[in-house]
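This is input02.cif. It holds mmCIF, C-alpha atoms and all ligand atoms.
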data_work
#
loop_
_atom_site.group_PDB
_atom_site.id
_atom_site.type_symbol
_atom_site.label_atom_id
_atom_site.label_comp_id
_atom_site.auth_asym_id
_atom_site.auth_seq_id
_atom_site.Cartn_x
_atom_site.Cartn_y
_atom_site.Cartn_z
ATOM 1 C CA MET N 57 220.219 185.924 36.960
ATOM 2 C CA SER N 58 222.959 187.425 39.070
ATOM 3 C CA SER N 59 226.328 185.752 39.398
ATOM 4 C CA THR N 60 227.089 183.752 42.515
ATOM 5 C CA ALA N 61 230.406 185.571 42.785
ATOM 6 C CA THR N 62 228.842 188.169 45.072
ATOM 7 C CA LEU N 63 227.136 185.571 47.257
ATOM 8 C CA PRO N 64 229.770 185.524 50.037
ATOM 9 C CA LEU N 65 229.537 189.297 50.266
ATOM 10 C CA LEU N 66 225.745 189.304 50.267
ATOM 11 C CA LEU N 67 225.620 186.682 53.017
ATOM 12 C CA LYS N 68 228.117 188.681 55.035
ATOM 13 C CA GLN N 69 226.093 191.861 54.624
ATOM 14 C CA LEU N 70 223.003 189.994 55.736
ATOM 15 C CA ARG N 71 225.009 188.711 58.714
ATOM 16 C CA LEU N 72 224.347 185.103 57.781
ATOM 17 C CA ALA N 73 227.703 183.884 59.023
ATOM 18 C CA SER N 74 226.888 180.200 59.073
ATOM 19 C CA MET N 75 225.456 180.291 55.544
ATOM 20 C CA ALA N 76 228.525 182.167 54.348
ATOM 21 C CA ARG N 77 230.702 179.410 55.770
ATOM 22 C CA HIS N 78 228.723 176.419 54.623
ATOM 23 C CA TRP N 79 226.864 177.288 51.414
ATOM 24 C CA GLU N 80 229.541 175.959 49.100
ATOM 25 C CA ALA N 81 230.186 172.652 50.823
ATOM 26 C CA LEU N 82 226.478 172.114 51.261
ATOM 27 C CA LEU N 83 225.898 172.818 47.581
ATOM 28 C CA SER N 84 227.951 169.833 46.535
ATOM 29 C CA GLN N 85 226.169 167.733 49.142
ATOM 30 C CA ALA N 86 222.848 168.941 47.718
ATOM 31 C CA ARG N 87 223.933 167.908 44.216
ATOM 32 C CA ASP N 88 225.023 164.458 45.457
ATOM 33 C CA LYS N 89 221.752 163.903 47.260
ATOM 34 C CA GLY N 90 219.580 165.408 44.582
ATOM 35 C CA TRP N 91 218.039 168.096 46.835
ATOM 36 C CA ASN N 92 215.970 170.737 45.104
ATOM 37 C CA GLY N 93 216.562 174.438 45.714
ATOM 38 C CA ALA N 94 214.050 174.685 48.568
ATOM 39 C CA GLU N 95 215.514 171.665 50.341
ATOM 40 C CA TYR N 96 218.996 173.080 50.042
ATOM 41 C CA LEU N 97 217.826 176.446 51.393
ATOM 42 C CA ALA N 98 215.986 174.792 54.284
ATOM 43 C CA VAL N 99 219.109 172.925 55.402
ATOM 44 C CA LEU N 100 221.209 176.085 55.156
ATOM 45 C CA CYS N 101 218.663 178.011 57.246
ATOM 46 C CA GLU N 102 218.452 175.264 59.848
ATOM 47 C CA GLN N 103 222.228 175.326 60.206
ATOM 48 C CA GLU N 104 222.247 179.100 60.513
ATOM 49 C CA LEU N 105 219.641 178.956 63.272
ATOM 50 C CA ALA N 106 221.361 176.120 65.131
ATOM 51 C CA GLU N 107 224.704 177.941 65.099
ATOM 52 C CA ARG N 108 223.086 181.164 66.265
ATOM 53 C CA CYS N 109 221.396 179.309 69.078
ATOM 54 C CA SER N 110 224.608 177.691 70.306
ATOM 55 C CA ARG N 111 226.488 181.001 70.030
ATOM 56 C CA ARG N 112 223.747 182.671 72.072
ATOM 57 C CA ILE N 113 223.912 179.966 74.726
ATOM 58 C CA ALA N 114 227.712 180.288 74.893
ATOM 59 C CA ARG N 115 227.291 184.066 75.327
ATOM 60 C CA HIS N 116 224.702 183.573 78.061
ATOM 61 C CA ALA N 117 226.874 180.996 79.821
ATOM 62 C CA LYS N 118 229.716 183.487 79.913
ATOM 63 C CA GLU N 119 227.655 186.408 81.122
ATOM 64 C CA SER N 120 226.007 184.258 83.823
ATOM 65 C CA ARG N 121 229.246 184.193 85.881
ATOM 66 C CA LEU N 122 228.082 180.865 87.264
ATOM 67 C CA PRO N 123 230.755 178.956 89.166
ATOM 68 C CA VAL N 124 232.362 176.616 86.656
ATOM 69 C CA GLY N 125 232.026 172.862 87.091
ATOM 70 C CA LYS N 126 229.163 173.006 89.593
ATOM 71 C CA SER N 127 226.662 170.935 87.670
ATOM 72 C CA LEU N 128 224.084 168.321 88.550
ATOM 73 C CA ALA N 129 226.392 165.719 87.015
ATOM 74 C CA THR N 130 229.034 166.534 89.628
ATOM 75 C CA PHE N 131 226.575 166.703 92.536
ATOM 76 C CA ASP N 132 226.423 163.587 94.676
ATOM 77 C CA PHE N 133 222.819 163.241 95.824
ATOM 78 C CA ASP N 134 223.670 160.236 97.978
ATOM 79 C CA GLN N 135 225.376 162.637 100.352
ATOM 80 C CA ILE N 136 222.057 164.300 101.169
ATOM 81 C CA PRO N 137 219.478 161.530 101.406
ATOM 82 C CA GLN N 138 216.711 163.878 102.556
ATOM 83 C CA LEU N 139 217.111 166.037 99.450
ATOM 84 C CA SER N 140 214.779 164.942 96.685
ATOM 85 C CA HIS N 141 216.769 164.297 93.532
ATOM 86 C CA GLU N 142 213.541 164.442 91.513
ATOM 87 C CA ARG N 143 212.656 167.823 92.897
ATOM 88 C CA ILE N 144 216.021 169.304 91.942
ATOM 89 C CA GLN N 145 215.876 167.596 88.534
ATOM 90 C CA ALA N 146 212.436 169.084 87.961
ATOM 91 C CA LEU N 147 213.720 172.591 88.715
ATOM 92 C CA ALA N 148 216.633 172.067 86.342
ATOM 93 C CA ALA N 149 214.628 170.356 83.615
ATOM 94 C CA THR N 150 212.473 173.303 82.666
ATOM 95 C CA GLY N 151 212.510 177.028 83.047
ATOM 96 C CA ASP N 152 208.711 177.097 83.456
ATOM 97 C CA TRP N 153 208.966 178.061 87.113
ATOM 98 C CA ALA N 154 211.284 180.903 86.153
ATOM 99 C CA ALA N 155 208.921 181.985 83.382
ATOM 100 C CA GLN N 156 206.270 182.245 86.122
ATOM 101 C CA ALA N 157 208.667 184.391 88.168
ATOM 102 C CA ARG N 158 208.753 181.891 90.983
ATOM 103 C CA ASN N 159 211.631 181.935 93.442
ATOM 104 C CA LEU N 160 213.797 179.183 94.828
ATOM 105 C CA LEU N 161 215.137 179.496 98.353
ATOM 106 C CA LEU N 162 217.904 177.188 99.502
ATOM 107 C CA PHE N 163 218.638 177.108 103.213
ATOM 108 C CA GLY N 164 221.207 175.187 105.178
ATOM 109 C CA PRO N 165 224.457 175.419 107.046
ATOM 110 C CA SER N 166 227.759 176.169 105.394
ATOM 111 C CA GLY N 167 229.284 173.554 103.099
ATOM 112 C CA VAL N 168 226.182 171.462 102.383
ATOM 113 C CA GLY N 169 226.084 172.287 98.669
ATOM 114 C CA LYS N 170 223.705 175.266 98.401
ATOM 115 C CA THR N 171 225.939 177.204 96.016
ATOM 116 C CA HIS N 172 226.635 174.052 94.029
ATOM 117 C CA LEU N 173 222.929 173.290 93.632
ATOM 118 C CA ALA N 174 222.004 176.863 92.742
ATOM 119 C CA ALA N 175 224.771 176.943 90.140
ATOM 120 C CA ALA N 176 223.812 173.518 88.771
ATOM 121 C CA ILE N 177 220.216 174.623 88.263
ATOM 122 C CA GLY N 178 221.536 177.852 86.734
ATOM 123 C CA HIS N 179 223.754 175.996 84.259
ATOM 124 C CA ALA N 180 220.885 173.706 83.267
ATOM 125 C CA LEU N 181 218.601 176.689 82.634
ATOM 126 C CA VAL N 182 221.247 178.508 80.583
ATOM 127 C CA GLU N 183 221.469 175.422 78.362
ATOM 128 C CA GLN N 184 217.745 175.814 77.745
ATOM 129 C CA GLY N 185 218.143 179.414 76.675
ATOM 130 C CA VAL N 186 217.188 181.034 79.993
ATOM 131 C CA ARG N 187 219.298 184.027 80.950
ATOM 132 C CA VAL N 188 220.761 183.642 84.424
ATOM 133 C CA ARG N 189 223.150 185.803 86.438
ATOM 134 C CA TYR N 190 225.000 184.690 89.530
ATOM 135 C CA PHE N 191 225.946 187.169 92.270
ATOM 136 C CA ALA N 192 227.549 186.925 95.643
ATOM 137 C CA THR N 193 224.838 188.919 97.412
ATOM 138 C CA THR N 194 227.314 191.216 99.182
ATOM 139 C CA ALA N 195 228.880 192.164 95.835
ATOM 140 C CA LEU N 196 225.492 192.899 94.312
ATOM 141 C CA VAL N 197 224.508 195.010 97.309
ATOM 142 C CA GLN N 198 227.688 197.059 96.902
ATOM 143 C CA GLN N 199 226.967 197.486 93.210
ATOM 144 C CA LEU N 200 223.410 198.632 93.895
ATOM 145 C CA GLN N 201 224.524 200.956 96.690
ATOM 146 C CA LEU N 202 226.938 202.604 94.296
ATOM 147 C CA ALA N 203 224.179 202.963 91.713
ATOM 148 C CA ARG N 204 221.966 204.559 94.349
ATOM 149 C CA GLU N 205 224.679 207.038 95.316
ATOM 150 C CA GLN N 206 224.964 207.983 91.671
ATOM 151 C CA LEU N 207 221.155 208.220 91.444
ATOM 152 C CA HIS N 208 221.032 205.309 88.996
ATOM 153 C CA LEU N 209 219.396 202.671 91.145
ATOM 154 C CA GLU N 210 216.291 202.404 88.936
ATOM 155 C CA ASP N 211 218.482 201.924 85.854
ATOM 156 C CA ALA N 212 220.604 199.351 87.624
ATOM 157 C CA LEU N 213 217.494 197.382 88.649
ATOM 158 C CA HIS N 214 216.074 197.549 85.132
ATOM 159 C CA LYS N 215 219.356 196.323 83.668
ATOM 160 C CA LEU N 216 218.955 193.152 85.725
ATOM 161 C CA ASP N 217 215.532 192.544 84.174
ATOM 162 C CA LYS N 218 217.158 190.915 81.164
ATOM 163 C CA TYR N 219 218.036 187.994 83.420
ATOM 164 C CA ARG N 220 215.098 185.699 84.006
ATOM 165 C CA VAL N 221 216.893 184.252 87.016
ATOM 166 C CA LEU N 222 219.170 186.055 89.441
ATOM 167 C CA ILE N 223 221.105 183.963 91.906
ATOM 168 C CA LEU N 224 221.747 185.743 95.182
ATOM 169 C CA ASP N 225 224.317 183.562 96.877
ATOM 170 C CA ASP N 226 224.982 183.830 100.600
ATOM 171 C CA PHE N 227 222.141 186.213 101.286
ATOM 172 C CA GLY N 228 222.764 185.855 104.999
ATOM 173 C CA TYR N 229 226.229 187.379 104.709
ATOM 174 C CA VAL N 230 224.742 190.796 104.134
ATOM 175 C CA LYS N 231 224.649 192.888 107.285
ATOM 176 C CA LYS N 232 222.637 195.997 107.802
ATOM 177 C CA SER N 233 225.720 197.509 109.424
ATOM 178 C CA ASP N 234 227.033 197.628 105.853
ATOM 179 C CA GLN N 235 224.511 200.436 105.342
ATOM 180 C CA GLU N 236 221.733 200.934 102.879
ATOM 181 C CA THR N 237 220.811 197.271 102.669
ATOM 182 C CA GLN N 238 217.386 198.498 101.642
ATOM 183 C CA VAL N 239 218.740 198.299 98.077
ATOM 184 C CA LEU N 240 218.333 194.567 98.547
ATOM 185 C CA PHE N 241 214.715 195.091 99.514
ATOM 186 C CA GLU N 242 214.235 197.299 96.471
ATOM 187 C CA LEU N 243 215.650 194.537 94.280
ATOM 188 C CA ILE N 244 213.267 191.982 95.790
ATOM 189 C CA ALA N 245 210.305 194.338 95.388
ATOM 190 C CA HIS N 246 211.341 195.127 91.821
ATOM 191 C CA ARG N 247 211.606 191.427 90.845
ATOM 192 C CA TYR N 248 208.382 190.454 92.633
ATOM 193 C CA GLU N 249 206.132 188.574 90.187
ATOM 194 C CA THR N 250 208.275 189.677 87.239
ATOM 195 C CA GLY N 251 211.554 187.763 87.596
ATOM 196 C CA SER N 252 212.935 184.855 89.548
ATOM 197 C CA LEU N 253 215.424 184.807 92.360
ATOM 198 C CA ILE N 254 217.402 181.855 93.620
ATOM 199 C CA VAL N 255 218.502 182.738 97.121
ATOM 200 C CA THR N 256 220.932 180.715 99.208
ATOM 201 C CA SER N 257 221.331 181.421 102.870
ATOM 202 C CA ASN N 258 222.714 179.864 106.003
ATOM 203 C CA GLN N 259 220.536 182.240 108.012
ATOM 204 C CA PRO N 260 216.951 181.182 108.575
ATOM 205 C CA PHE N 261 214.275 183.826 108.050
ATOM 206 C CA GLY N 262 214.174 184.428 111.793
ATOM 207 C CA GLN N 263 217.574 186.070 111.569
ATOM 208 C CA TRP N 264 216.918 188.220 108.550
ATOM 209 C CA ASP N 265 216.303 191.236 110.729
ATOM 210 C CA ARG N 266 220.105 191.384 110.827
ATOM 211 C CA ILE N 267 220.047 192.084 107.114
ATOM 212 C CA PHE N 268 217.362 194.696 106.646
ATOM 213 C CA PRO N 269 217.141 198.067 108.355
ATOM 214 C CA ASP N 270 213.912 197.322 110.233
ATOM 215 C CA GLN N 271 211.422 194.616 111.091
ATOM 216 C CA MET N 272 208.799 195.861 108.653
ATOM 217 C CA MET N 273 211.166 195.718 105.723
ATOM 218 C CA THR N 274 212.296 192.237 106.771
ATOM 219 C CA VAL N 275 208.720 190.950 106.846
ATOM 220 C CA ALA N 276 207.909 192.657 103.536
ATOM 221 C CA ALA N 277 210.994 191.132 101.884
ATOM 222 C CA VAL N 278 210.296 187.624 103.212
ATOM 223 C CA ASP N 279 206.631 187.933 102.181
ATOM 224 C CA ARG N 280 207.506 188.776 98.603
ATOM 225 C CA LEU N 281 210.178 186.107 98.366
ATOM 226 C CA ILE N 282 208.030 183.260 99.630
ATOM 227 C CA HIS N 283 204.750 184.231 97.944
ATOM 228 C CA HIS N 284 205.573 182.120 94.860
ATOM 229 C CA ALA N 285 208.482 179.991 95.909
ATOM 230 C CA ASP N 286 210.007 176.604 96.336
ATOM 231 C CA ILE N 287 211.813 176.333 99.613
ATOM 232 C CA ILE N 288 214.430 173.687 100.135
ATOM 233 C CA GLU N 289 216.116 173.199 103.435
ATOM 234 C CA ILE N 290 219.249 171.106 103.512
ATOM 235 C CA ASP N 291 219.864 169.837 106.960
ATOM 236 C CA SER N 292 223.011 167.801 106.691
ATOM 237 C CA ASP N 293 226.656 167.674 107.615
ATOM 238 C CA SER N 294 229.006 169.819 105.624
ATOM 239 C CA TYR N 295 230.071 168.047 102.437
ATOM 240 C CA ARG N 296 233.256 170.073 102.569
ATOM 241 C CA ARG N 297 234.078 168.722 105.995
ATOM 242 C CA LYS N 298 233.175 165.130 105.096
ATOM 243 C CA GLU N 299 235.348 165.406 102.001
ATOM 244 C CA ALA N 300 238.273 166.701 104.067
ATOM 245 C CA LEU N 301 237.878 163.852 106.521
ATOM 246 C CA ARG N 302 237.609 161.299 103.714
ATOM 247 C CA GLN N 303 240.824 162.535 102.210
ATOM 248 C CA GLY N 304 242.446 162.340 105.605
ATOM 249 C CA SER N 305 243.520 165.937 105.421
ATOM 250 C CA GLU N 306 243.536 168.309 108.329
ATOM 251 C CA GLU N 307 240.067 169.622 108.703
ATOM 252 C CA PRO N 308 239.918 173.385 108.699
ATOM 253 C CA MET N 309 238.995 174.249 112.259
ATOM 254 C CA THR N 310 236.167 176.561 111.363
ATOM 255 C CA THR N 311 233.017 175.735 113.225
ATOM 256 C CA THR N 312 230.007 175.072 111.114
ATOM 257 C CA PRO N 313 226.846 176.308 112.760
ATOM 258 C CA ALA N 314 224.476 173.588 113.813
ATOM 259 C CA PRO N 315 221.825 172.873 111.204
ATOM 260 C CA THR N 316 219.345 175.665 111.326
ATOM 261 C CA THR N 317 215.663 175.201 111.186
ATOM 262 C CA PHE N 318 213.271 177.879 110.206
ATOM 263 C CA THR N 319 209.573 178.289 109.883
ATOM 264 C CA PRO N 320 208.428 180.626 107.196
ATOM 265 C CA PRO N 321 205.197 182.282 108.252
ATOM 266 C CA GLY N 322 202.289 179.884 107.933
ATOM 267 C CA SER N 323 204.099 176.980 106.347
ATOM 268 C CA SER N 324 206.259 174.012 106.963
ATOM 269 C CA PRO N 325 209.312 173.663 104.739
ATOM 270 C CA ALA N 326 208.794 169.968 104.250
ATOM 271 C CA THR N 327 205.377 170.476 102.675
ATOM 272 C CA ARG N 328 206.416 173.089 100.167
HETATM 273 P P1 LIG N 401 227.436 175.933 100.592
HETATM 274 O O1 LIG N 401 227.127 176.894 99.499
HETATM 275 O O2 LIG N 401 226.227 175.263 101.156
HETATM 276 O O3 LIG N 401 228.302 176.515 101.666
HETATM 277 P P2 LIG N 401 228.962 174.641 98.521
HETATM 278 O O4 LIG N 401 227.958 174.455 97.462
HETATM 279 O O5 LIG N 401 229.940 175.754 98.322
HETATM 280 O O6 LIG N 401 228.292 174.746 99.950
HETATM 281 O O7 LIG N 401 229.753 173.268 98.711
HETATM 282 C C1 LIG N 401 231.057 173.205 99.272
HETATM 283 C C2 LIG N 401 231.947 172.363 98.362
HETATM 284 O O8 LIG N 401 231.523 171.016 98.405
HETATM 285 C C3 LIG N 401 231.881 172.782 96.917
HETATM 286 O O9 LIG N 401 233.136 172.544 96.315
HETATM 287 C C4 LIG N 401 230.838 171.847 96.319
HETATM 288 O O10 LIG N 401 231.054 171.624 94.946
HETATM 289 C C5 LIG N 401 231.050 170.584 97.130
HETATM 290 N N1 LIG N 401 229.803 169.861 97.385
HETATM 291 C C6 LIG N 401 228.892 170.121 98.340
HETATM 292 N N2 LIG N 401 227.914 169.210 98.339
HETATM 293 C C7 LIG N 401 228.215 168.339 97.355
HETATM 294 C C8 LIG N 401 227.594 167.145 96.855
HETATM 295 N N3 LIG N 401 226.461 166.643 97.412
HETATM 296 N N4 LIG N 401 228.187 166.510 95.805
HETATM 297 C C9 LIG N 401 229.334 166.980 95.275
HETATM 298 N N5 LIG N 401 229.985 168.092 95.706
HETATM 299 C C10 LIG N 401 229.436 168.763 96.729
HETATM 300 MG MG MG N 402 227.753 178.849 99.317
#

Rewrite the structure of this file - the entire thing - as structure tokens.
Ligand code: ADP
Ligand code: MG
Amino acid sequence: MSSTATLPLLLKQLRLASMARHWEALLSQARDKGWNGAEYLAVLCEQELAERCSRRIARHAKESRLPVGKSLATFDFDQIPQLSHERIQALAATGDWAAQARNLLLFGPSGVGKTHLAAAIGHALVEQGVRVRYFATTALVQQLQLAREQLHLEDALHKLDKYRVLILDDFGYVKKSDQETQVLFELIAHRYETGSLIVTSNQPFGQWDRIFPDQMMTVAAVDRLIHHADIIEIDSDSYRRKEALRQGSEEPMTTTPAPTTFTPPGSSPATR
């Protein structure tokens, strides 16, 4: 029988960090409780797995770049009575829809909580072990354009495959005058039926021809996005503005566009 003196080294070589940390303390616990060898080993293994899992989740939370503090716990559903709390909870409660590569489209004017909701669902999914990555859409478009210039677009798209959910925030801010917005179409086509997108936009579909180079590409992009999708339209006053008024502060004099309505081809948003 080999000496236990080498045990810390062996555990380190095997990269069993949690076991290396806890084996000794747990051994005395095992003696106190009269565990047999297998029971002791089982507890050690469980701890190792649990620590790995929480380290992985912490890593995924960091890489997600999700806005901090935008969770369901901090979202006030009373502010948007027409928004179904249950529906949002259901999307946050399980990553099944993401596993099925479904999309989630959040529409509504500025300041109604689209980014907050997208991030909250993202955070909830990360906690369940789903890999999520948040992007301001304009930043992602720039990144993909650069990759295309360097002839690495395919690689760049494949690199995003590791994320089950990509959040494309403020989709409507992209303008085709920014050139080569077809990279956005290529992303949508690439993710179609293989990975999920959460898209937020204050532009209804009818105005998406401002984003893509031509009508055909616009229709093709919308088609792919809505084929397997939940569509939520928030038609409410800006939370930001209400908050500013509540606090009695000077309201920033930006004009919020009137609530936009949209009709995706062949469907009514309320029935989706
Ligand atoms: P949008 O993306 O629709 O422009 P945001 O999600 O950025 O709006 O919301 C604007 C600000 O108001 C953010 O700080 C957000 O956290 C907050 N906010 C919006 N709606 C709510 C809500 N219902 N409950 C709590 N905070 C909210
Ligand atoms: Mg936003």

query = What residues have any atom no more than 9 Å from ligand LIG 401 (chain N) when counting all atoms listed in the file, and can you list them as a ChimeraX atom specification?
reply = /N:125-136,162-175,225-226,256-258,290,294-297,299

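The interatomic distance for the pair CA of Leu63 (chain N) and CA of Ile113 (chain N) works out to 28.2 Å.
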
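Each of N:Val188, N:Ala155, N:Leu100, N:Val197 was compared to Val221 (chain N) using only C-alpha atoms, and N:Val188 turns out to be the nearest.
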
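Matched in the shown structure by the PyMOL selection byres (((chain N and resi 238) around 10) and not hetatm): Val197, Leu200, Gln201, Lys232, Gln235, Glu236, Thr237, Val239, Leu240, Phe241, Glu242, Leu243, Ile244, Ile267, Phe268, Pro269, Asp270, Met273, Thr274 and Ala277 of chain N.
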
Using only the atoms of region 262-269 of chain N listed in the file, plus 8 Å on each side, state the axis-aligned box centre and edge lengths in Å rounded to one decimal, as JSON.
{"center_x": 217.1, "center_y": 191.2, "center_z": 109.2, "size_x": 21.9, "size_y": 29.6, "size_z": 21.1}

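Counting only C-alpha atoms and all ligand atoms and comparing N:Val255, N:Val278, N:Leu222, N:Ile287, the residue that lies closest to ligand MG 402 (chain N) is N:Val255.
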
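Ranking N:Ala73, N:Leu105, N:Leu216, N:Tyr229 by their shortest atom-to-atom distance to ligand MG 402 (chain N), with all atoms listed in the file included, puts N:Tyr229 first.
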
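Picture a line from CA of Ile288 (chain N) to CA of Ala212 (chain N); it runs 29.2 Å.
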
query = Leaving out Arg280 (chain N) and any residue of its chain fewer than 5 positions from it, which residues lie within 9 Å of it when counting only C-alpha atoms, given as a PyMOL selection string?
reply = chain N and resi 244-245+248-249+275

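Between Ser120 (chain N) and the candidates N:Leu196, N:Leu82, N:Met75, N:Val182, the tightest atom-to-atom separation, counting all atoms listed in the file, involves N:Val182.
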
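The shortest atom-to-atom distance to Pro123 (chain N), with all atoms listed in the file taken into account, belongs to N:Ala192 out of N:Thr60, N:Ala192, N:Gln85, N:Ala106.
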
query = Within 8 Å of (221.6, 178.2, 55.7), in the coordinates the file gives, what residues turn up when you count only C-alpha atoms, written out as a VMD selection string?
reply = chain N and resid 72 74 to 75 78 to 79 97 to 105

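With all atoms listed in the file as the basis for measurement, N:Ala157 is the residue among N:Ala203, N:Ala157, N:Leu147, N:Ala81 that approaches Leu253 (chain N) most closely.
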
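CA of Lys231 (chain N) lies 22.3 Å from CA of Glu210 (chain N).
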
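For the point (221.4, 181.7, 70.0) in file coordinates, the residues within 12 Å, using all atoms listed in the file, are Gln103, Glu104, Leu105, Ala106, Glu107, Arg108, Cys109, Ser110, Arg111, Arg112, Ile113, Ala114, Arg115, His116, Ala117, Val182, Glu183, Gln184, Gly185, Val186 and Arg187 of chain N.
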
As a short mmCIF file (atom, residue, chain, number, x, y, z; two decimals), keeping the file's coordinate frame, the rebuilt region 59-71 of chain N with N, CA, C and O atoms:
data_model
loop_
_atom_site.label_atom_id
_atom_site.label_comp_id
_atom_site.auth_asym_id
_atom_site.auth_seq_id
_atom_site.Cartn_x
_atom_site.Cartn_y
_atom_site.Cartn_z
N SER N 59 225.25 186.72 39.21
CA SER N 59 226.33 185.75 39.40
C SER N 59 226.44 185.38 40.87
O SER N 59 226.10 186.17 41.75
N THR N 60 226.93 184.17 41.12
CA THR N 60 227.09 183.75 42.52
C THR N 60 228.38 184.32 43.12
O THR N 60 228.65 184.12 44.29
N ALA N 61 229.13 185.04 42.29
CA ALA N 61 230.41 185.57 42.78
C ALA N 61 230.21 186.50 43.97
O ALA N 61 231.05 186.59 44.87
N THR N 62 229.07 187.20 43.99
CA THR N 62 228.84 188.17 45.07
C THR N 62 228.19 187.51 46.30
O THR N 62 228.00 188.16 47.32
N LEU N 63 227.86 186.24 46.17
CA LEU N 63 227.14 185.57 47.26
C LEU N 63 227.83 185.68 48.62
O LEU N 63 227.19 186.07 49.62
N PRO N 64 229.12 185.40 48.72
CA PRO N 64 229.77 185.52 50.04
C PRO N 64 229.59 186.91 50.63
O PRO N 64 229.32 187.04 51.83
N LEU N 65 229.68 187.92 49.78
CA LEU N 65 229.54 189.30 50.27
C LEU N 65 228.11 189.57 50.73
O LEU N 65 227.86 190.17 51.78
N LEU N 66 227.16 189.10 49.91
CA LEU N 66 225.74 189.30 50.27
C LEU N 66 225.42 188.64 51.61
O LEU N 66 224.77 189.22 52.47
N LEU N 67 225.90 187.41 51.77
CA LEU N 67 225.62 186.68 53.02
C LEU N 67 226.26 187.40 54.20
O LEU N 67 225.69 187.46 55.29
N LYS N 68 227.43 187.96 53.96
CA LYS N 68 228.12 188.68 55.04
C LYS N 68 227.32 189.93 55.41
O LYS N 68 227.11 190.22 56.59
N GLN N 69 226.87 190.64 54.35
CA GLN N 69 226.09 191.86 54.62
C GLN N 69 224.80 191.55 55.37
O GLN N 69 224.35 192.32 56.20
N LEU N 70 224.24 190.41 55.06
CA LEU N 70 223.00 189.99 55.74
C LEU N 70 223.29 189.36 57.10
O LEU N 70 222.38 188.92 57.78
N ARG N 71 224.55 189.31 57.45
CA ARG N 71 225.01 188.71 58.71
C ARG N 71 224.58 187.25 58.86
O ARG N 71 224.14 186.82 59.92
#
